[in-house]
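File shown: target.cif. Contents: mmCIF, C-alpha atoms.
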data_final
loop_
_atom_site.label_atom_id
_atom_site.label_comp_id
_atom_site.auth_asym_id
_atom_site.auth_seq_id
_atom_site.Cartn_x
_atom_site.Cartn_y
_atom_site.Cartn_z
CA MET A 1 -27.31 -16.47 3.70
CA GLY A 2 -24.97 -15.01 1.08
CA GLY A 3 -26.15 -11.46 1.69
CA VAL A 4 -25.75 -11.84 5.43
CA THR A 5 -22.24 -13.26 5.06
CA SER A 6 -21.27 -10.48 2.66
CA SER A 7 -22.52 -7.86 5.10
CA ILE A 8 -20.53 -9.46 7.92
CA ALA A 9 -17.37 -9.50 5.78
CA ALA A 10 -17.87 -5.86 4.83
CA LYS A 11 -18.44 -4.91 8.46
CA PHE A 12 -15.16 -6.50 9.48
CA ALA A 13 -13.32 -4.94 6.52
CA PHE A 14 -13.56 -1.28 7.55
CA PHE A 15 -12.51 0.42 10.79
CA PRO A 16 -12.07 4.13 10.04
CA PRO A 17 -10.38 5.91 12.98
CA GLN A 18 -12.91 7.71 15.15
CA PRO A 19 -12.49 10.56 15.51
CA PRO A 20 -10.42 11.22 12.37
CA SER A 21 -6.79 12.00 13.09
CA TYR A 22 -6.79 15.16 10.98
CA THR A 23 -8.77 18.07 9.57
CA VAL A 24 -8.54 19.91 6.25
CA VAL A 25 -8.49 23.71 6.15
CA ALA A 26 -7.60 26.44 3.69
CA ASP A 27 -4.00 27.56 4.10
CA GLU A 28 -4.30 31.28 4.89
CA ALA A 29 -0.61 31.79 4.19
CA GLU A 30 -1.17 30.95 0.53
CA GLN A 31 -2.80 33.47 -1.77
CA ALA A 32 -4.22 30.64 -3.87
CA ARG A 33 -5.99 29.35 -0.74
CA LYS A 34 -4.51 25.90 -0.97
CA LEU A 35 -5.70 23.17 1.37
CA CYS A 36 -3.57 21.90 4.23
CA ILE A 37 -3.68 19.48 7.16
CA PRO A 38 -2.80 21.49 10.29
CA GLU A 39 -2.15 18.37 12.41
CA VAL A 40 0.97 17.43 10.41
CA ALA A 41 4.17 19.31 9.65
CA ARG A 42 3.79 21.75 6.79
CA LYS A 43 5.97 20.87 3.79
CA GLU A 44 6.42 22.81 0.57
CA ASN A 45 6.43 19.65 -1.54
CA VAL A 46 3.06 18.36 -0.26
CA GLU A 47 -0.32 19.18 -1.76
CA VAL A 48 -3.70 18.34 -0.24
CA VAL A 49 -6.56 17.80 -2.70
CA LYS A 50 -10.26 17.01 -2.59
CA LEU A 51 -11.54 14.73 -5.33
CA ARG A 52 -15.08 13.92 -6.46
CA THR A 53 -15.73 10.24 -7.15
CA ARG A 54 -18.12 8.80 -9.72
CA ARG A 55 -20.33 7.62 -6.86
CA GLY A 56 -20.79 11.18 -5.61
CA ASN A 57 -18.43 11.20 -2.62
CA GLU A 58 -15.65 13.71 -1.97
CA ILE A 59 -12.40 12.14 -0.85
CA VAL A 60 -9.20 13.70 0.48
CA GLY A 61 -5.84 13.00 -1.10
CA VAL A 62 -2.23 13.91 -0.32
CA TYR A 63 0.37 14.30 -3.06
CA VAL A 64 4.03 14.25 -2.00
CA LYS A 65 6.39 15.52 -4.71
CA TYR A 66 10.01 14.44 -5.03
CA HIS A 67 12.34 16.92 -6.73
CA ARG A 68 13.68 14.42 -9.28
CA PRO A 69 11.22 11.51 -9.24
CA THR A 70 11.86 8.20 -10.94
CA CYS A 71 8.14 7.39 -10.95
CA THR A 72 4.92 7.88 -8.96
CA MET A 73 3.32 5.59 -6.37
CA LEU A 74 -0.43 5.46 -5.68
CA TYR A 75 -0.81 4.10 -2.13
CA SER A 76 -4.00 2.44 -0.82
CA HIS A 77 -3.69 2.13 2.96
CA GLY A 78 -5.00 -0.45 5.43
CA ASN A 79 -8.43 -0.63 6.96
CA ALA A 80 -7.87 1.11 10.30
CA ALA A 81 -5.77 4.14 9.36
CA ASP A 82 -6.34 7.51 7.74
CA LEU A 83 -4.20 10.15 6.03
CA GLY A 84 -3.22 11.85 9.26
CA GLN A 85 -1.64 8.62 10.49
CA MET A 86 -0.14 7.77 7.09
CA PHE A 87 1.34 11.19 6.31
CA GLU A 88 4.76 10.55 7.84
CA LEU A 89 5.14 7.26 5.99
CA PHE A 90 4.22 8.84 2.65
CA VAL A 91 6.87 11.54 3.08
CA GLU A 92 9.53 9.03 4.01
CA LEU A 93 8.70 6.64 1.19
CA SER A 94 8.99 9.56 -1.22
CA ASN A 95 12.45 10.42 0.12
CA ARG A 96 13.75 6.89 0.45
CA LEU A 97 12.46 5.60 -2.89
CA ARG A 98 12.94 8.87 -4.81
CA LEU A 99 9.44 9.04 -6.19
CA ASN A 100 6.18 10.95 -5.90
CA VAL A 101 3.54 9.47 -3.60
CA MET A 102 -0.20 9.93 -3.80
CA GLY A 103 -2.20 8.69 -0.81
CA TYR A 104 -5.94 9.01 -0.38
CA ASP A 105 -8.64 8.26 2.16
CA TYR A 106 -11.48 5.93 1.30
CA SER A 107 -15.05 7.19 1.44
CA GLY A 108 -16.02 7.45 5.11
CA TYR A 109 -12.40 7.68 6.27
CA GLY A 110 -10.81 10.81 7.68
CA GLN A 111 -12.42 13.85 6.07
CA SER A 112 -13.74 11.93 3.06
CA THR A 113 -17.52 11.87 2.74
CA GLY A 114 -19.77 8.85 2.27
CA LYS A 115 -19.53 5.36 3.69
CA PRO A 116 -16.75 2.79 3.31
CA THR A 117 -17.86 -0.01 0.99
CA GLU A 118 -16.10 -2.25 -1.49
CA TYR A 119 -17.43 -0.44 -4.54
CA ASN A 120 -16.84 2.97 -3.03
CA THR A 121 -13.16 2.10 -2.62
CA TYR A 122 -13.04 1.19 -6.31
CA SER A 123 -14.42 4.60 -7.26
CA ASP A 124 -12.08 6.22 -4.72
CA ILE A 125 -8.93 4.81 -6.28
CA ASP A 126 -10.25 5.66 -9.75
CA ALA A 127 -10.64 9.30 -8.66
CA ALA A 128 -7.06 9.36 -7.32
CA TYR A 129 -5.79 7.74 -10.53
CA LYS A 130 -7.67 10.28 -12.65
CA CYS A 131 -6.17 13.11 -10.60
CA LEU A 132 -2.65 11.79 -11.17
CA LYS A 133 -3.18 11.62 -14.91
CA GLU A 134 -5.06 14.88 -15.45
CA GLN A 135 -3.64 17.16 -12.75
CA TYR A 136 -0.09 15.88 -12.43
CA GLY A 137 0.51 14.41 -15.89
CA VAL A 138 1.46 10.92 -14.69
CA LYS A 139 1.53 8.26 -17.41
CA ASP A 140 0.55 4.65 -16.78
CA GLU A 141 4.08 3.41 -17.44
CA GLN A 142 5.34 5.76 -14.70
CA LEU A 143 2.88 4.51 -12.08
CA ILE A 144 3.35 1.94 -9.31
CA LEU A 145 0.22 0.87 -7.41
CA TYR A 146 0.73 -0.04 -3.74
CA GLY A 147 -1.97 -1.83 -1.73
CA GLN A 148 -1.64 -2.71 1.94
CA SER A 149 -3.99 -5.26 3.53
CA VAL A 150 -7.55 -4.30 2.54
CA GLY A 151 -5.97 -1.76 0.19
CA SER A 152 -4.92 -4.69 -1.99
CA GLY A 153 -8.58 -4.82 -3.08
CA PRO A 154 -8.85 -1.45 -4.86
CA THR A 155 -5.22 -1.78 -5.97
CA LEU A 156 -5.78 -5.05 -7.83
CA ASP A 157 -9.12 -3.90 -9.20
CA LEU A 158 -7.43 -0.91 -10.85
CA ALA A 159 -4.32 -2.87 -11.86
CA SER A 160 -6.46 -5.49 -13.61
CA ARG A 161 -7.85 -2.74 -15.87
CA ILE A 162 -4.60 -0.94 -16.79
CA PRO A 163 -2.20 -2.93 -19.00
CA GLU A 164 0.82 -0.60 -19.00
CA LEU A 165 1.54 -0.02 -15.31
CA ARG A 166 5.14 0.05 -14.16
CA GLY A 167 4.49 -2.25 -11.20
CA VAL A 168 2.26 -3.34 -8.32
CA VAL A 169 3.19 -3.86 -4.67
CA LEU A 170 0.94 -6.01 -2.47
CA HIS A 171 1.70 -5.56 1.24
CA SER A 172 0.05 -8.21 3.47
CA PRO A 173 -2.66 -8.73 0.83
CA ILE A 174 -5.88 -10.74 1.08
CA LEU A 175 -7.11 -13.41 -1.32
CA SER A 176 -10.65 -12.17 -0.70
CA GLY A 177 -12.70 -10.84 2.17
CA LEU A 178 -14.46 -14.11 2.90
CA ARG A 179 -11.20 -16.08 2.85
CA VAL A 180 -9.89 -14.00 5.75
CA LEU A 181 -12.83 -15.20 7.85
CA TYR A 182 -13.33 -18.74 6.50
CA PRO A 183 -11.02 -21.21 4.69
CA VAL A 184 -13.28 -21.48 1.63
CA LYS A 185 -11.96 -23.20 -1.49
CA ARG A 186 -14.04 -21.34 -4.07
CA THR A 187 -15.18 -17.80 -4.75
CA TYR A 188 -18.80 -17.06 -3.93
CA TRP A 189 -20.81 -14.31 -5.57
CA PHE A 190 -21.31 -12.53 -2.26
CA ASP A 191 -17.60 -12.37 -1.43
CA ILE A 192 -15.82 -9.00 -1.39
CA TYR A 193 -12.44 -8.01 -2.82
CA LYS A 194 -12.02 -11.07 -5.02
CA ASN A 195 -8.28 -10.54 -5.47
CA ILE A 196 -7.74 -14.21 -6.21
CA ASP A 197 -9.77 -13.82 -9.41
CA LYS A 198 -8.15 -10.52 -10.49
CA ILE A 199 -4.44 -11.11 -9.93
CA GLY A 200 -4.15 -13.09 -13.18
CA MET A 201 -5.30 -10.04 -15.17
CA VAL A 202 -2.39 -7.89 -13.96
CA LYS A 203 0.18 -7.59 -16.74
CA CYS A 204 2.98 -5.74 -14.93
CA PRO A 205 5.57 -6.99 -12.40
CA VAL A 206 4.07 -7.73 -8.98
CA LEU A 207 5.97 -7.64 -5.67
CA VAL A 208 4.32 -9.39 -2.71
CA ILE A 209 5.46 -8.58 0.84
CA HIS A 210 4.04 -10.58 3.76
CA GLY A 211 5.06 -11.44 7.30
CA THR A 212 5.41 -15.11 8.17
CA ALA A 213 3.88 -14.52 11.63
CA ASP A 214 0.88 -12.50 10.43
CA GLU A 215 -2.03 -13.46 12.71
CA VAL A 216 -4.57 -11.28 10.90
CA VAL A 217 -4.06 -12.28 7.25
CA ASP A 218 -2.12 -15.52 7.03
CA VAL A 219 1.00 -15.51 4.87
CA SER A 220 -0.68 -18.17 2.69
CA HIS A 221 -2.76 -15.34 1.18
CA GLY A 222 0.33 -13.57 -0.06
CA LYS A 223 1.99 -16.76 -1.26
CA GLN A 224 -1.02 -17.90 -3.26
CA LEU A 225 -1.42 -14.48 -4.88
CA TRP A 226 2.26 -14.52 -5.83
CA GLU A 227 1.89 -17.96 -7.39
CA LEU A 228 -0.99 -16.65 -9.50
CA CYS A 229 0.93 -13.61 -10.79
CA LYS A 230 1.66 -13.52 -14.51
CA VAL A 231 4.80 -11.40 -14.10
CA LYS A 232 6.44 -12.44 -10.86
CA TYR A 233 8.98 -10.39 -8.95
CA GLU A 234 11.02 -11.97 -6.15
CA PRO A 235 8.69 -11.82 -3.11
CA LEU A 236 9.64 -10.83 0.42
CA TRP A 237 8.48 -13.18 3.17
CA VAL A 238 9.50 -11.30 6.31
CA SER A 239 10.54 -13.88 8.89
CA GLY A 240 8.66 -13.22 12.13
CA GLY A 241 6.87 -10.22 10.65
CA GLY A 242 3.30 -9.51 11.72
CA HIS A 243 0.48 -7.64 10.05
CA CYS A 244 1.25 -4.15 11.30
CA ASN A 245 5.01 -3.89 11.64
CA LEU A 246 6.72 -4.87 8.38
CA GLU A 247 8.02 -1.31 7.86
CA LEU A 248 10.28 -1.81 10.89
CA TYR A 249 12.31 -4.61 9.31
CA PRO A 250 15.46 -3.44 7.45
CA GLU A 251 14.80 -5.79 4.52
CA PHE A 252 11.45 -4.08 3.88
CA ILE A 253 12.82 -0.79 2.55
CA LYS A 254 15.79 -2.48 0.91
CA HIS A 255 13.63 -4.88 -1.08
CA LEU A 256 11.10 -2.19 -1.96
CA LYS A 257 13.84 0.11 -3.23
CA LYS A 258 15.30 -2.73 -5.30
CA PHE A 259 11.89 -3.35 -6.86
CA VAL A 260 11.40 0.32 -7.77
CA GLN A 261 14.85 0.45 -9.37
CA THR A 262 14.42 -2.84 -11.23
CA VAL A 263 11.03 -2.09 -12.79
CA GLY A 264 12.34 1.33 -13.77
CA LYS A 265 15.22 -0.25 -15.66
CA SER A 266 13.03 -2.90 -17.25
CA LYS A 267 10.62 -0.23 -18.51
CA ALA A 268 13.49 1.73 -19.99
CA THR A 269 14.97 -1.27 -21.83
CA ALA A 270 12.03 -3.57 -22.57
CA ASN A 271 10.85 -1.74 -25.72
CA GLY A 272 7.53 -3.53 -25.59
CA ILE A 273 8.99 -7.01 -25.05
CA LYS A 274 6.91 -8.96 -22.55
CA LYS A 275 8.75 -10.83 -19.79
CA ASP A 276 7.40 -13.72 -17.76
CA THR A 277 9.80 -13.00 -14.93
CA VAL A 278 11.47 -9.76 -13.89
CA GLU A 279 14.41 -11.23 -12.00
CA THR A 280 15.13 -14.73 -13.25
CA GLU A 281 18.40 -14.97 -11.37
CA ASN A 282 16.54 -14.57 -8.08
CA GLN A 283 13.68 -17.00 -8.66
CA SER A 284 15.48 -19.78 -6.80
CA LYS A 285 14.99 -17.69 -3.66
CA ALA A 286 11.26 -17.16 -4.16
CA SER A 287 10.13 -20.11 -2.08
CA LYS A 288 12.27 -19.22 0.96
CA GLU A 289 10.50 -18.09 4.09
CA SER A 290 12.37 -14.78 4.25
CA GLU A 291 15.08 -12.70 2.70
CA SER A 292 17.89 -12.83 5.23
CA ALA A 293 20.11 -10.14 3.76
CA THR A 294 20.05 -6.82 5.62
CA PRO A 295 21.54 -3.54 4.39
CA ASN A 296 24.38 -1.84 6.18
CA ALA A 297 24.08 1.67 7.51
CA SER A 298 25.98 3.32 4.69
CA GLU A 299 23.85 1.57 2.06
CA LEU A 300 20.71 2.95 3.63
CA SER A 301 22.00 6.46 4.13
CA THR A 302 23.90 7.39 1.00
CA ASP A 303 20.91 7.37 -1.34
CA ILE A 304 18.95 10.10 0.42
CA PRO A 305 19.54 13.64 1.66
CA GLU A 306 20.39 13.96 5.34
CA ALA A 307 17.25 15.95 6.04
CA SER A 308 15.04 12.97 5.30
CA ARG A 309 16.66 10.64 7.81
CA ASN A 310 13.93 10.81 10.44
CA SER A 311 11.53 8.35 11.98
CA LEU A 312 11.82 5.42 9.57
CA ASP A 313 15.60 5.42 9.85
CA SER A 314 15.49 5.56 13.65
CA ARG A 315 13.10 2.63 13.75
CA LEU A 316 15.32 0.64 11.39
CA GLU A 317 18.26 1.22 13.69
CA LYS A 318 16.24 0.08 16.70
CA SER A 319 15.13 -3.05 14.90
CA LYS A 320 18.77 -4.01 14.29
CA LYS A 321 19.55 -3.90 17.98
CA SER A 322 16.95 -6.43 18.99
CA ASN A 323 15.64 -9.68 17.58
CA LYS A 324 12.07 -8.44 17.81
CA PRO A 325 10.98 -5.05 16.42
CA GLU A 326 9.25 -2.53 18.60
CA LYS A 327 5.52 -2.03 18.21
CA SER A 328 4.99 0.18 15.19
CA ARG A 329 3.66 3.67 15.71
CA MET A 330 3.73 4.12 11.95
CA SER A 331 1.75 0.98 11.16
CA THR A 332 -0.77 1.10 8.36
CA ASP A 333 -3.27 -0.99 10.35
CA HIS A 334 -3.70 0.21 13.96
CA VAL A 335 -6.00 -2.40 15.50
CA ASP A 336 -6.63 -3.47 19.06
CA ARG A 337 -5.36 -6.76 20.43
CA PHE A 338 -8.75 -8.42 20.50
CA ARG A 339 -9.47 -7.81 16.83
CA ARG A 340 -6.00 -8.94 15.75
CA ARG A 341 -6.27 -12.09 17.87
CA LYS A 342 -9.64 -12.94 16.39
CA GLY A 343 -8.45 -12.19 12.86
CA LEU A 344 -11.25 -9.75 12.12
CA VAL A 345 -9.31 -6.79 10.84
CA TRP A 346 -7.29 -6.72 7.63
#

Go through the file and emit its structure as structure tokens.
Amino acid sequence: MGGVTSSIAAKFAFFPPQPPSYTVVADEAEQARKLCIPEVARKENVEVVKLRTRRGNEIVGVYVKYHRPTCTMLYSHGNAADLGQMFELFVELSNRLRLNVMGYDYSGYGQSTGKPTEYNTYSDIDAAYKCLKEQYGVKDEQLILYGQSVGSGPTLDLASRIPELRGVVLHSPILSGLRVLYPVKRTYWFDIYKNIDKIGMVKCPVLVIHGTADEVVDVSHGKQLWELCKVKYEPLWVSGGGHCNLELYPEFIKHLKKFVQTVGKSKATANGIKKDTVETENQSKASKESESATPNASELSTDIPEASRNSLDSRLEKSKKSNKPEKSRMSTDHVDRFRRRKGLVW
């Protein structure tokens, strides 16, 4: 029974886009024969890499460099997207948050070889982490791990093993694979992505972002994970936010930027002193359903060069004009209505 249930959970966990949204070719314009993705706009600050995992697969990664980065973010995307669909978001996050961004495709996604499985995703994120350290010289204290939906699994697995990370962001995270399908009260051996058992081993500040109207992964998943964090950062419960559209809410980028800035300052001043809470003055707000404050236009625009004000900004402006955001074309989980209604994709 356990093996069957585990197989069902794994089957519902992965929906790689078919066909993949991109290809990888050698850039003939470069003498060094660098790799590129012809389906997306060519940018001088973007590198495409192929990485070998310890389980023998070859995965594709994208590294977006910021000219004066404050830190580096390793982004694990949702279960129904690939790098071609995520590329625009990575570039904009780099510009808006002033950091480097490394994104990667899981085994069996995009142009990565192999099959998508829980343990393959663990080796996938390890390969991306190793690349950041060895090829780009990123130190643990400069690294923020970001996991969206099913990406919270590999994110927390890695975070539970690295004590000196700068921070972790959990975007619409899951308690575990089985708990998305059934309201179980305990962890079974055949469950997948046992985030509920790993979150307590994370020693850095953790930001949880979840929509209160998420019909795929209930907001209770995010709230319980936040309660179990050792180093809590003020969470963001996006009022009315779903599973695939949180990037369209103005408070999303504002809160994320505030987190990046705060953990950067705390790392610079902590001098090894461990804190139970990153923002004690804001803890009274932690139990609220949403953060109602929204940034004004000048606050959003003055921190970034004009050239980077593209699709994310335009969507933020549209979301201000209506009570309900438009359907996201930049969502990290593109799933059909049936799967979202049935709660089978996360």

| query | Care to translate the PyMOL selection byres ((chain A and resi 73-83) around 9) into actual residues of this file, as number ranges by chain? | reply | A: 13-17, 20-22, 60-62, 71-72, 84-87, 90, 94, 99-106, 109-111, 125, 128-129, 132, 142-155, 331-335, 345-346

| request: For the file shown, report as a VMD selection string the outcome of the PyMOL selection byres ((chain A and resi 256) around 12) at residue level. | output: chain A and resid 73 93 to 94 96 to 98 144 146 167 to 171 206 to 209 233 to 236 246 to 247 249 to 255 257 to 263

| remark: What separates atom CA of A:Cys229 and atom CA of A:Ile196 is a distance of 9.8 Å

| field | A:Gly200, A:Gly137, A:Pro183, A:Gly240 ranked by distance to A:Arg161, top pick (using only C-alpha atoms) | value |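 Smallest distance to A:Arg161 is found for A:Gly200.
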
| Atom-to-atom span, atom CA of A:His210 and atom CA of A:Ser239, Å |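 For atom CA of A:His210 relative to atom CA of A:Ser239, the distance reads 8.9 Å.
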
| said: Quick check, in Å to one decimal: how far apart do atom CA of A:Lys185 and atom CA of A:Val219 lie? | reply: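 One can read the atom CA of A:Lys185 to atom CA of A:Val219 distance as 16.4 Å.
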
| field | Resolved residues for the PyMOL selection byres ((chain A and resi 195) around 8) as a list in words | value |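 Checking the PyMOL selection byres ((chain A and resi 195) around 8) against this file, the residues are Ser152, Gly153, Leu156, Asp157, Ile174, Leu175, Ser176, Tyr193, Lys194, Ile196, Asp197, Lys198, Ile199 and Leu225 of chain A.
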
| task | Determine, counting all atoms listed in the file, every residue of protein, DNA or RNA that lies within 10 Å of (-16.8, 0.0, -0.2) in the file coordinates, then give the result as a count of residues only. | result | 21
